[in-house]
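Structure data (TSV, C-alpha atoms) from run-v4.tsv:
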```
chain	number	residue	atom	x	y	z
R	1	MET	CA	-22.13	-275.44	54.94
R	2	PRO	CA	-20.12	-272.28	55.85
R	3	PHE	CA	-22.72	-269.82	54.52
R	4	SER	CA	-25.88	-271.18	56.15
R	5	SER	CA	-25.74	-268.45	58.84
R	6	THR	CA	-24.79	-265.59	56.48
R	7	TYR	CA	-27.65	-263.06	56.43
R	8	LEU	CA	-27.12	-262.35	52.74
R	9	PHE	CA	-27.76	-266.00	51.89
R	10	GLN	CA	-30.75	-266.63	54.18
R	11	GLY	CA	-33.52	-268.56	52.45
R	12	LEU	CA	-31.28	-270.09	49.75
R	13	SER	CA	-31.53	-273.82	49.02
R	14	GLU	CA	-28.65	-276.16	49.86
R	15	SER	CA	-27.77	-276.48	46.17
R	16	ARG	CA	-27.51	-272.69	45.78
R	17	LEU	CA	-25.37	-272.42	48.93
R	18	GLN	CA	-23.18	-275.14	47.43
R	19	ARG	CA	-22.73	-273.13	44.22
R	20	LEU	CA	-21.67	-270.09	46.30
R	21	ASN	CA	-19.29	-272.30	48.25
R	22	GLU	CA	-17.66	-273.40	45.01
R	23	VAL	CA	-16.74	-269.84	44.00
R	24	ALA	CA	-15.57	-268.81	47.51
R	25	LYS	CA	-11.86	-268.88	48.37
R	26	GLU	CA	-10.77	-269.47	51.96
R	27	PHE	CA	-7.69	-267.59	53.26
R	28	LYS	CA	-5.98	-266.48	56.45
R	29	ALA	CA	-5.28	-262.88	57.48
R	30	VAL	CA	-3.27	-261.56	60.42
R	31	LYS	CA	-4.16	-258.97	63.06
R	32	GLY	CA	-3.68	-255.46	61.69
R	33	GLN	CA	-3.96	-256.55	58.04
R	34	TRP	CA	-6.11	-254.31	55.81
R	35	LEU	CA	-8.69	-256.14	53.70
R	36	PHE	CA	-9.85	-253.03	51.85
R	37	GLN	CA	-9.89	-249.24	52.11
R	38	GLU	CA	-12.88	-246.95	51.72
R	39	ASN	CA	-13.43	-245.44	48.26
R	40	ASN	CA	-11.40	-248.17	46.57
R	41	SER	CA	-12.96	-250.34	43.87
R	42	ALA	CA	-15.12	-253.03	45.53
R	43	ASP	CA	-14.26	-256.22	43.65
R	44	ARG	CA	-15.02	-258.80	46.34
R	45	MET	CA	-17.12	-259.50	49.40
R	46	TYR	CA	-16.03	-261.43	52.48
R	47	VAL	CA	-17.53	-263.88	54.96
R	48	LEU	CA	-15.89	-264.31	58.38
R	49	LYS	CA	-15.05	-267.89	59.37
R	50	SER	CA	-13.17	-267.06	62.60
R	51	GLY	CA	-11.39	-264.14	64.26
R	52	ALA	CA	-12.50	-260.51	64.14
R	53	VAL	CA	-12.59	-257.64	61.63
R	54	GLU	CA	-13.19	-253.96	62.39
R	55	MET	CA	-15.05	-251.65	60.01
R	56	LEU	CA	-13.99	-248.02	60.19
R	57	THR	CA	-13.95	-244.69	58.40
R	58	ARG	CA	-11.56	-241.75	58.49
R	59	VAL	CA	-12.70	-238.27	59.55
R	60	ASN	CA	-10.79	-235.60	57.55
R	61	ASP	CA	-7.68	-237.82	57.61
R	62	ASP	CA	-7.42	-236.71	61.26
R	63	PHE	CA	-8.62	-239.81	63.05
R	64	GLU	CA	-10.32	-243.16	62.57
R	65	LEU	CA	-13.96	-243.50	63.50
R	66	PRO	CA	-14.87	-247.12	64.36
R	67	VAL	CA	-18.22	-248.16	62.87
R	68	SER	CA	-18.55	-251.80	63.92
R	69	ILE	CA	-16.60	-254.93	64.81
R	70	ILE	CA	-17.43	-258.24	63.16
R	71	ARG	CA	-16.93	-261.32	65.33
R	72	SER	CA	-19.78	-263.71	64.45
R	73	PRO	CA	-18.78	-266.55	62.13
R	74	GLY	CA	-20.83	-266.33	58.91
R	75	ARG	CA	-21.12	-262.53	59.06
R	76	CYS	CA	-20.42	-260.95	55.67
R	77	PHE	CA	-18.99	-257.54	54.77
R	78	GLY	CA	-17.72	-255.68	51.72
R	79	ILE	CA	-21.29	-255.61	50.41
R	80	SER	CA	-20.56	-252.45	48.39
R	81	SER	CA	-19.17	-254.96	45.88
R	82	LEU	CA	-22.77	-256.04	45.15
R	83	VAL	CA	-24.07	-252.58	44.32
R	84	PRO	CA	-23.04	-249.94	41.73
R	85	PRO	CA	-20.80	-247.90	41.75
R	86	HIS	CA	-18.92	-250.79	43.43
R	87	LYS	CA	-16.81	-248.71	45.80
R	88	TYR	CA	-16.17	-249.69	49.42
R	89	SER	CA	-17.92	-247.22	51.73
R	90	LEU	CA	-15.82	-248.21	54.78
R	91	SER	CA	-12.40	-249.70	55.45
R	92	ALA	CA	-11.87	-253.18	56.92
R	93	ARG	CA	-8.92	-254.28	59.05
R	94	CYS	CA	-8.37	-257.49	61.00
R	95	ALA	CA	-8.79	-256.80	64.73
R	96	GLU	CA	-7.48	-260.34	65.39
R	97	ASP	CA	-5.96	-263.08	63.26
R	98	ALA	CA	-8.83	-264.29	61.08
R	99	VAL	CA	-9.93	-266.93	58.60
R	100	LEU	CA	-12.11	-265.57	55.80
R	101	PHE	CA	-13.88	-266.51	52.61
R	102	GLU	CA	-13.71	-264.13	49.69
R	103	ILE	CA	-16.16	-264.11	46.79
R	104	GLN	CA	-15.25	-262.21	43.64
R	105	ARG	CA	-17.90	-259.82	42.32
R	106	LYS	CA	-17.65	-261.26	38.80
R	107	ASP	CA	-18.27	-264.80	40.09
R	108	LEU	CA	-21.34	-263.69	42.03
R	109	GLN	CA	-22.62	-261.74	39.01
R	110	GLN	CA	-22.22	-264.82	36.83
R	111	LEU	CA	-24.23	-266.92	39.29
R	112	THR	CA	-27.06	-264.39	39.60
R	113	GLN	CA	-27.27	-263.80	35.85
R	114	GLY	CA	-28.10	-267.43	35.31
R	115	ASP	CA	-30.44	-267.67	38.31
R	116	SER	CA	-32.68	-264.69	39.08
R	117	THR	CA	-34.18	-266.42	42.15
R	118	LEU	CA	-30.68	-266.51	43.66
R	119	GLY	CA	-30.22	-262.86	42.72
R	120	TYR	CA	-33.62	-261.87	44.11
R	121	THR	CA	-33.02	-263.59	47.47
R	122	ILE	CA	-29.55	-262.04	47.91
R	123	MET	CA	-30.76	-258.55	46.95
R	124	ALA	CA	-33.85	-258.78	49.19
R	125	ASN	CA	-31.61	-259.83	52.12
R	126	LEU	CA	-29.19	-257.02	51.31
R	127	ALA	CA	-32.00	-254.41	51.16
R	128	GLN	CA	-33.28	-255.57	54.55
R	129	HIS	CA	-29.79	-255.35	56.06
R	130	LEU	CA	-29.17	-251.89	54.60
R	131	LEU	CA	-32.53	-250.58	55.82
R	132	ASP	CA	-31.66	-251.82	59.34
R	133	ARG	CA	-28.24	-250.10	59.17
R	134	LEU	CA	-29.88	-246.91	57.87
R	135	LYS	CA	-32.36	-246.89	60.76
R	136	GLU	CA	-29.52	-247.43	63.28
R	137	THR	CA	-27.42	-244.67	61.73
R	138	ARG	CA	-30.38	-242.27	61.76
R	139	GLN	CA	-30.88	-243.15	65.43
R	140	GLU	CA	-27.22	-242.30	66.18
R	141	LEU	CA	-27.69	-239.05	64.28
R	142	LYS	CA	-30.69	-238.21	66.46
R	143	ILE	CA	-28.61	-238.80	69.60
R	144	HIS	CA	-25.80	-236.55	68.32
R	145	PHE	CA	-28.39	-233.97	67.33
R	146	LYS	CA	-29.89	-233.96	70.82
R	147	THR	CA	-26.44	-233.73	72.49
R	148	LEU	CA	-25.50	-230.84	70.22
R	149	PHE	CA	-28.82	-229.12	70.92
R	150	ARG	CA	-28.26	-229.48	74.67
R	151	LEU	CA	-24.67	-228.20	74.50
R	152	MET	CA	-25.65	-225.16	72.47
R	153	HIS	CA	-28.52	-224.26	74.79
R	154	SER	CA	-26.75	-224.90	78.11
X	155	MET	CA	-45.63	-244.52	31.47
X	156	PRO	CA	-45.71	-242.90	34.94
X	157	PHE	CA	-43.02	-245.16	36.45
X	158	SER	CA	-40.32	-244.92	33.78
X	159	SER	CA	-38.34	-242.41	35.91
X	160	THR	CA	-38.86	-244.19	39.27
X	161	TYR	CA	-35.45	-245.37	40.56
X	162	LEU	CA	-36.98	-248.55	41.97
X	163	PHE	CA	-38.20	-249.58	38.53
X	164	GLN	CA	-35.09	-248.68	36.50
X	165	GLY	CA	-34.18	-251.35	33.98
X	166	LEU	CA	-37.66	-252.92	33.82
X	167	SER	CA	-39.20	-253.70	30.43
X	168	GLU	CA	-42.27	-251.78	29.20
X	169	SER	CA	-44.47	-254.82	29.82
X	170	ARG	CA	-43.33	-255.08	33.44
X	171	LEU	CA	-43.87	-251.33	33.97
X	172	GLN	CA	-47.34	-251.84	32.52
X	173	ARG	CA	-48.08	-254.59	35.06
X	174	LEU	CA	-47.01	-252.28	37.89
X	175	ASN	CA	-49.18	-249.54	36.44
X	176	GLU	CA	-52.18	-251.87	36.53
X	177	VAL	CA	-51.91	-252.41	40.31
X	178	ALA	CA	-51.18	-248.73	41.11
X	179	LYS	CA	-54.01	-246.48	42.28
X	180	GLU	CA	-53.86	-242.75	41.57
X	181	PHE	CA	-55.21	-240.34	44.22
X	182	LYS	CA	-55.04	-236.72	45.37
X	183	ALA	CA	-53.80	-235.49	48.75
X	184	VAL	CA	-53.89	-232.00	50.24
X	185	LYS	CA	-51.15	-229.94	51.87
X	186	GLY	CA	-50.65	-231.02	55.49
X	187	GLN	CA	-52.19	-234.48	54.96
X	188	TRP	CA	-50.30	-237.38	56.57
X	189	LEU	CA	-49.64	-240.34	54.27
X	190	PHE	CA	-48.10	-242.49	56.99
X	191	GLN	CA	-46.45	-242.29	60.40
X	192	GLU	CA	-43.14	-243.84	61.48
X	193	ASN	CA	-43.37	-247.24	63.21
X	194	ASN	CA	-46.78	-247.97	61.70
X	195	SER	CA	-47.33	-251.06	59.59
X	196	ALA	CA	-45.99	-250.39	56.07
X	197	ASP	CA	-48.68	-251.75	53.75
X	198	ARG	CA	-48.08	-249.60	50.69
X	199	MET	CA	-45.47	-247.63	48.79
X	200	TYR	CA	-46.03	-244.37	46.92
X	201	VAL	CA	-44.84	-242.70	43.74
X	202	LEU	CA	-45.14	-238.91	43.39
X	203	LYS	CA	-46.91	-237.64	40.27
X	204	SER	CA	-46.98	-233.94	41.21
X	205	GLY	CA	-46.70	-231.73	44.28
X	206	ALA	CA	-44.35	-232.27	47.22
X	207	VAL	CA	-44.05	-234.61	50.21
X	208	GLU	CA	-41.79	-234.16	53.25
X	209	MET	CA	-40.19	-237.08	55.06
X	210	LEU	CA	-39.56	-236.50	58.74
X	211	THR	CA	-38.91	-238.13	62.10
X	212	ARG	CA	-39.71	-237.12	65.66
X	213	VAL	CA	-36.98	-236.61	68.26
X	214	ASN	CA	-38.24	-237.72	71.70
X	215	ASP	CA	-41.70	-236.40	70.81
X	216	ASP	CA	-40.15	-232.94	71.37
X	217	PHE	CA	-39.72	-231.76	67.80
X	218	GLU	CA	-39.82	-232.88	64.17
X	219	LEU	CA	-36.55	-233.47	62.38
X	220	PRO	CA	-36.92	-233.04	58.59
X	221	VAL	CA	-35.07	-235.74	56.64
X	222	SER	CA	-35.87	-234.90	53.02
X	223	ILE	CA	-38.43	-233.31	50.72
X	224	ILE	CA	-39.66	-235.14	47.64
X	225	ARG	CA	-40.50	-232.95	44.65
X	226	SER	CA	-39.39	-234.88	41.57
X	227	PRO	CA	-42.22	-236.62	39.69
X	228	GLY	CA	-41.60	-240.37	39.65
X	229	ARG	CA	-39.79	-240.37	43.00
X	230	CYS	CA	-40.97	-243.20	45.25
X	231	PHE	CA	-41.15	-243.46	49.04
X	232	GLY	CA	-42.59	-245.74	51.69
X	233	ILE	CA	-40.04	-248.36	50.65
X	234	SER	CA	-40.13	-249.94	54.13
X	235	SER	CA	-43.22	-251.68	52.74
X	236	LEU	CA	-40.89	-253.78	50.55
X	237	VAL	CA	-38.71	-255.07	53.38
X	238	PRO	CA	-39.50	-257.03	56.57
X	239	PRO	CA	-40.54	-256.14	59.26
X	240	HIS	CA	-42.67	-253.85	57.02
X	241	LYS	CA	-42.71	-250.84	59.35
X	242	TYR	CA	-42.33	-247.27	58.12
X	243	SER	CA	-39.03	-245.84	59.37
X	244	LEU	CA	-40.08	-242.21	58.75
X	245	SER	CA	-43.32	-240.22	58.54
X	246	ALA	CA	-44.60	-238.65	55.30
X	247	ARG	CA	-46.74	-235.53	55.05
X	248	CYS	CA	-47.78	-233.51	52.01
X	249	ALA	CA	-45.78	-230.26	51.90
X	250	GLU	CA	-48.04	-229.12	49.03
X	251	ASP	CA	-51.20	-230.47	47.41
X	252	ALA	CA	-50.07	-233.61	45.60
X	253	VAL	CA	-51.12	-236.32	43.15
X	254	LEU	CA	-49.77	-239.76	44.05
X	255	PHE	CA	-49.83	-243.39	43.04
X	256	GLU	CA	-50.08	-246.00	45.74
X	257	ILE	CA	-49.08	-249.64	45.32
X	258	GLN	CA	-50.23	-252.17	47.89
X	259	ARG	CA	-47.51	-254.43	49.31
X	260	LYS	CA	-49.61	-257.54	48.65
X	261	ASP	CA	-50.04	-256.62	44.97
X	262	LEU	CA	-46.29	-256.07	44.54
X	263	GLN	CA	-45.53	-259.35	46.35
X	264	GLN	CA	-47.90	-261.17	44.03
X	265	LEU	CA	-46.15	-259.72	40.96
X	266	THR	CA	-42.64	-260.57	42.20
X	267	GLN	CA	-43.61	-264.09	43.26
X	268	GLY	CA	-44.57	-264.90	39.71
X	269	ASP	CA	-41.58	-263.10	38.16
X	270	SER	CA	-38.23	-263.29	39.96
X	271	THR	CA	-36.53	-261.07	37.34
X	272	LEU	CA	-38.96	-258.29	38.29
X	273	GLY	CA	-38.23	-258.96	41.97
X	274	TYR	CA	-34.48	-259.05	41.41
X	275	THR	CA	-34.44	-255.73	39.52
X	276	ILE	CA	-36.57	-253.94	42.12
X	277	MET	CA	-34.52	-255.29	45.05
X	278	ALA	CA	-31.18	-254.48	43.35
X	279	ASN	CA	-32.41	-250.90	42.73
X	280	LEU	CA	-33.62	-250.68	46.33
X	281	ALA	CA	-30.28	-251.94	47.72
X	282	GLN	CA	-28.42	-249.35	45.65
X	283	HIS	CA	-30.72	-246.57	46.89
X	284	LEU	CA	-30.38	-247.67	50.53
X	285	LEU	CA	-26.59	-247.88	50.31
X	286	ASP	CA	-26.54	-244.30	48.94
X	287	ARG	CA	-28.77	-243.10	51.79
X	288	LEU	CA	-26.62	-244.96	54.32
X	289	LYS	CA	-23.45	-243.29	52.98
X	290	GLU	CA	-25.12	-239.86	53.13
X	291	THR	CA	-26.37	-240.44	56.67
X	292	ARG	CA	-22.91	-241.60	57.79
X	293	GLN	CA	-21.50	-238.45	56.23
X	294	GLU	CA	-23.95	-236.30	58.23
X	295	LEU	CA	-22.97	-238.24	61.35
X	296	LYS	CA	-19.31	-237.43	60.69
X	297	ILE	CA	-20.15	-233.72	60.42
X	298	HIS	CA	-22.07	-233.80	63.71
X	299	PHE	CA	-19.23	-235.75	65.28
X	300	LYS	CA	-16.69	-233.14	64.20
X	301	THR	CA	-18.86	-230.24	65.43
X	302	LEU	CA	-19.33	-231.97	68.77
X	303	PHE	CA	-15.60	-232.69	69.00
X	304	ARG	CA	-14.81	-229.02	68.33
X	305	LEU	CA	-17.38	-227.76	70.84
X	306	MET	CA	-16.11	-230.05	73.58
X	307	HIS	CA	-12.47	-229.09	73.00
X	308	SER	CA	-12.93	-225.34	72.58
```
I'd like the structure from this file rewritten - as structure tokens, please.
Amino acid sequence: MPFSSTYLFQGLSESRLQRLNEVAKEFKAVKGQWLFQENNSADRMYVLKSGAVEMLTRVNDDFELPVSIIRSPGRCFGISSLVPPHKYSLSARCAEDAVLFEIQRKDLQQLTQGDSTLGYTIMANLAQHLLDRLKETRQELKIHFKTLFRLMHS
Amino acid sequence: MPFSSTYLFQGLSESRLQRLNEVAKEFKAVKGQWLFQENNSADRMYVLKSGAVEMLTRVNDDFELPVSIIRSPGRCFGISSLVPPHKYSLSARCAEDAVLFEIQRKDLQQLTQGDSTLGYTIMANLAQHLLDRLKETRQELKIHFKTLFRLMHS
């Protein structure tokens, strides 16, 4: 089952994983290929099967700021597609040739509408992931804050 | 209904809001009173009825870094109680005398276990809130990054 290690789908029964598998489409992407750009409409999420994808953001159109690199099979991204206003908050580009699954937002919505336990599990997993990312980002902010403080008082 | 404007409970029916109301306990807190400290076990969430609460974090035990101030009635906080590992990620202290509702984690868990639609709605609202906070925090990080970049190249 390709999604058994995907954090978003942790705790789902085999039959629910199977239903997700049925709406997922496998495809290949090449190194350097953009999967989506920040601020664009988030219509689908992705699960990595193999290869690597980098998540990044642009600072003032001046330069790219890398946020993370996704290498673990089963890792998902494009989760802004699950949450209003459904706009990607980062850009995603293949760092290596990759094999991916894509799941359309409308297909996932259809599944969760008919099965609130599925919806609850996915949303609870998503909330946990986002809280972890928020804590990490706050931690980075603290480090920058301290560096800035030191520079300005040195 | 005290929770009709609480973002976490948006989209819930009157009867579900009523059930939440039944497990909530109203209490008063005075200016300067700590409601919880970061890294402590997160056993309850809070909804503000009146007054003000500041959310903050400590940097290296050297100084307090304010994160936000909560003034809008109906605003909730202590949401780490809803997500494993159930540890507060920030501290909360009354910035003014306040009236609050507290909801025990175990009571909320009991409600959602018997009603996955309730659980789904709350978790979907939470995920949306956390994604917004994550975007804001990343934005702050970008600003710090740019300031640092300028300072180091000036």
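Here the question is which of X:Leu244, X:Pro239, X:Leu284, X:Thr291 gets nearest to Leu219 in chain X using only C-alpha atoms, and that residue is X:Leu244.
Straight-line separation from CA of Met55 in chain R to CA of Asp132 in chain R: 16.6 Å.
If you count only C-alpha atoms and ignore residues fewer than 2 places along the chain from Asn40 in chain R, what sits within 8 Å of it is Phe36, Gln37, Glu38, Ala42, Lys87 and Tyr88 of chain R.
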Could you give me, as a Markdown table, every chain R residue with an atom at most 10 Å from chain X, plus its closest atom pair and distance in Å to one decimal, counting all atoms listed in the file, rows ordered by chain then number?
```
| residue | atom | partner | partner_atom | distance |
| --- | --- | --- | --- | --- |
| R:Thr57 | CA | X:Lys296 | CA | 9.3 |
| R:Arg58 | CA | X:Lys296 | CA | 9.1 |
| R:Val59 | CA | X:Lys296 | CA | 6.8 |
| R:Asn60 | CA | X:Lys300 | CA | 9.2 |
| R:Leu65 | CA | X:Lys296 | CA | 8.6 |
| R:Val67 | CA | X:Arg292 | CA | 9.5 |
| R:Ile79 | CA | X:Leu285 | CA | 9.4 |
| R:Ser80 | CA | X:Leu285 | CA | 7.8 |
| R:Leu82 | CA | X:Ala278 | CA | 8.7 |
| R:Val83 | CA | X:Gln282 | CA | 5.6 |
| R:Pro84 | CA | X:Gln282 | CA | 6.7 |
| R:Pro85 | CA | X:Gln282 | CA | 8.7 |
| R:His86 | CA | X:Gln282 | CA | 9.9 |
| R:Ser89 | CA | X:Lys289 | CA | 6.9 |
| R:Leu90 | CA | X:Lys289 | CA | 9.3 |
| R:Thr112 | CA | X:Tyr274 | CA | 9.3 |
| R:Gln113 | CA | X:Thr271 | CA | 9.8 |
| R:Asp115 | CA | X:Thr271 | CA | 9.0 |
| R:Ser116 | CA | X:Thr271 | CA | 5.6 |
| R:Thr117 | CA | X:Ser270 | CA | 5.6 |
| R:Leu118 | CA | X:Tyr274 | CA | 8.7 |
| R:Gly119 | CA | X:Tyr274 | CA | 5.9 |
| R:Tyr120 | CA | X:Tyr274 | CA | 4.0 |
| R:Thr121 | CA | X:Tyr274 | CA | 7.7 |
| R:Ile122 | CA | X:Tyr274 | CA | 8.7 |
| R:Met123 | CA | X:Met277 | CA | 5.3 |
| R:Ala124 | CA | X:Met277 | CA | 5.5 |
| R:Asn125 | CA | X:Val237 | CA | 8.6 |
| R:Leu126 | CA | X:Ala281 | CA | 6.3 |
| R:Ala127 | CA | X:Ala281 | CA | 4.6 |
| R:Gln128 | CA | X:Val237 | CA | 5.6 |
| R:His129 | CA | X:Ala281 | CA | 9.0 |
| R:Leu130 | CA | X:Leu284 | CA | 6.0 |
| R:Leu131 | CA | X:Leu284 | CA | 6.4 |
| R:Asp132 | CA | X:Ser243 | CA | 9.5 |
| R:Arg133 | CA | X:Leu288 | CA | 7.3 |
| R:Leu134 | CA | X:Leu288 | CA | 5.2 |
| R:Lys135 | CA | X:Ser243 | CA | 6.9 |
| R:Glu136 | CA | X:Leu288 | CA | 9.7 |
| R:Thr137 | CA | X:Thr291 | CA | 6.7 |
| R:Arg138 | CA | X:Thr291 | CA | 6.7 |
| R:Gln139 | CA | X:Val213 | CA | 9.4 |
| R:Glu140 | CA | X:Leu295 | CA | 7.6 |
| R:Leu141 | CA | X:Leu295 | CA | 5.6 |
| R:Lys142 | CA | X:Val213 | CA | 6.7 |
| R:Ile143 | CA | X:Val213 | CA | 8.8 |
| R:His144 | CA | X:His298 | CA | 6.5 |
| R:Phe145 | CA | X:His298 | CA | 7.3 |
| R:Lys146 | CA | X:Val213 | CA | 8.0 |
| R:Thr147 | CA | X:Leu302 | CA | 8.2 |
| R:Leu148 | CA | X:Leu302 | CA | 6.4 |
| R:Leu151 | CA | X:Leu305 | CA | 8.2 |
| R:Met152 | CA | X:Leu305 | CA | 8.8 |
```
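Distance check against Ala52 in chain R using all atoms listed in the file: of R:Arg93, R:Arg105, R:His153, R:Arg19, the minimum falls on R:Arg93.
Across the structure, CA of Tyr7 in chain R and CA of Ile69 in chain R are spaced 16.1 Å apart.
Interatomic distance, CA of Phe181 in chain X against CA of Pro220 in chain X: 24.4 Å.
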Centre and edges of the range 116-130 of chain R box, axis-aligned, 4 Å extra per side, as AutoDock Vina command-line options:
```
--center_x -31.7 --center_y -259.2 --center_z 47.6 --size_x 13.0 --size_y 22.6 --size_z 25.0
```
Q.
At a cut-off of 7 Å, using only C-alpha atoms, what residues contact Ala29 in chain R? Leave out same-chain residues fewer than 3 positions from it and give the result as a list in words.
A. Gln33, Asp97, Ala98 and Val99 of chain R
Q | Nearby residues (only C-alpha atoms) at most 10 Å from Leu48 in chain R, same-chain spacing under 6 positions excluded, as a list in words | A | Pro2, Phe3, Thr6, Glu26, Ile70, Arg71, Ser72, Pro73, Gly74, Arg75, Cys76, Phe77, Ala98, Val99, Leu100, Phe101 and Glu102 of chain R
Q. So, counting all atoms listed in the file, which residue among X:Ala249, X:Tyr200, X:Ser158, X:Val177 is closest to Gln263 in chain X?
A. X:Val177
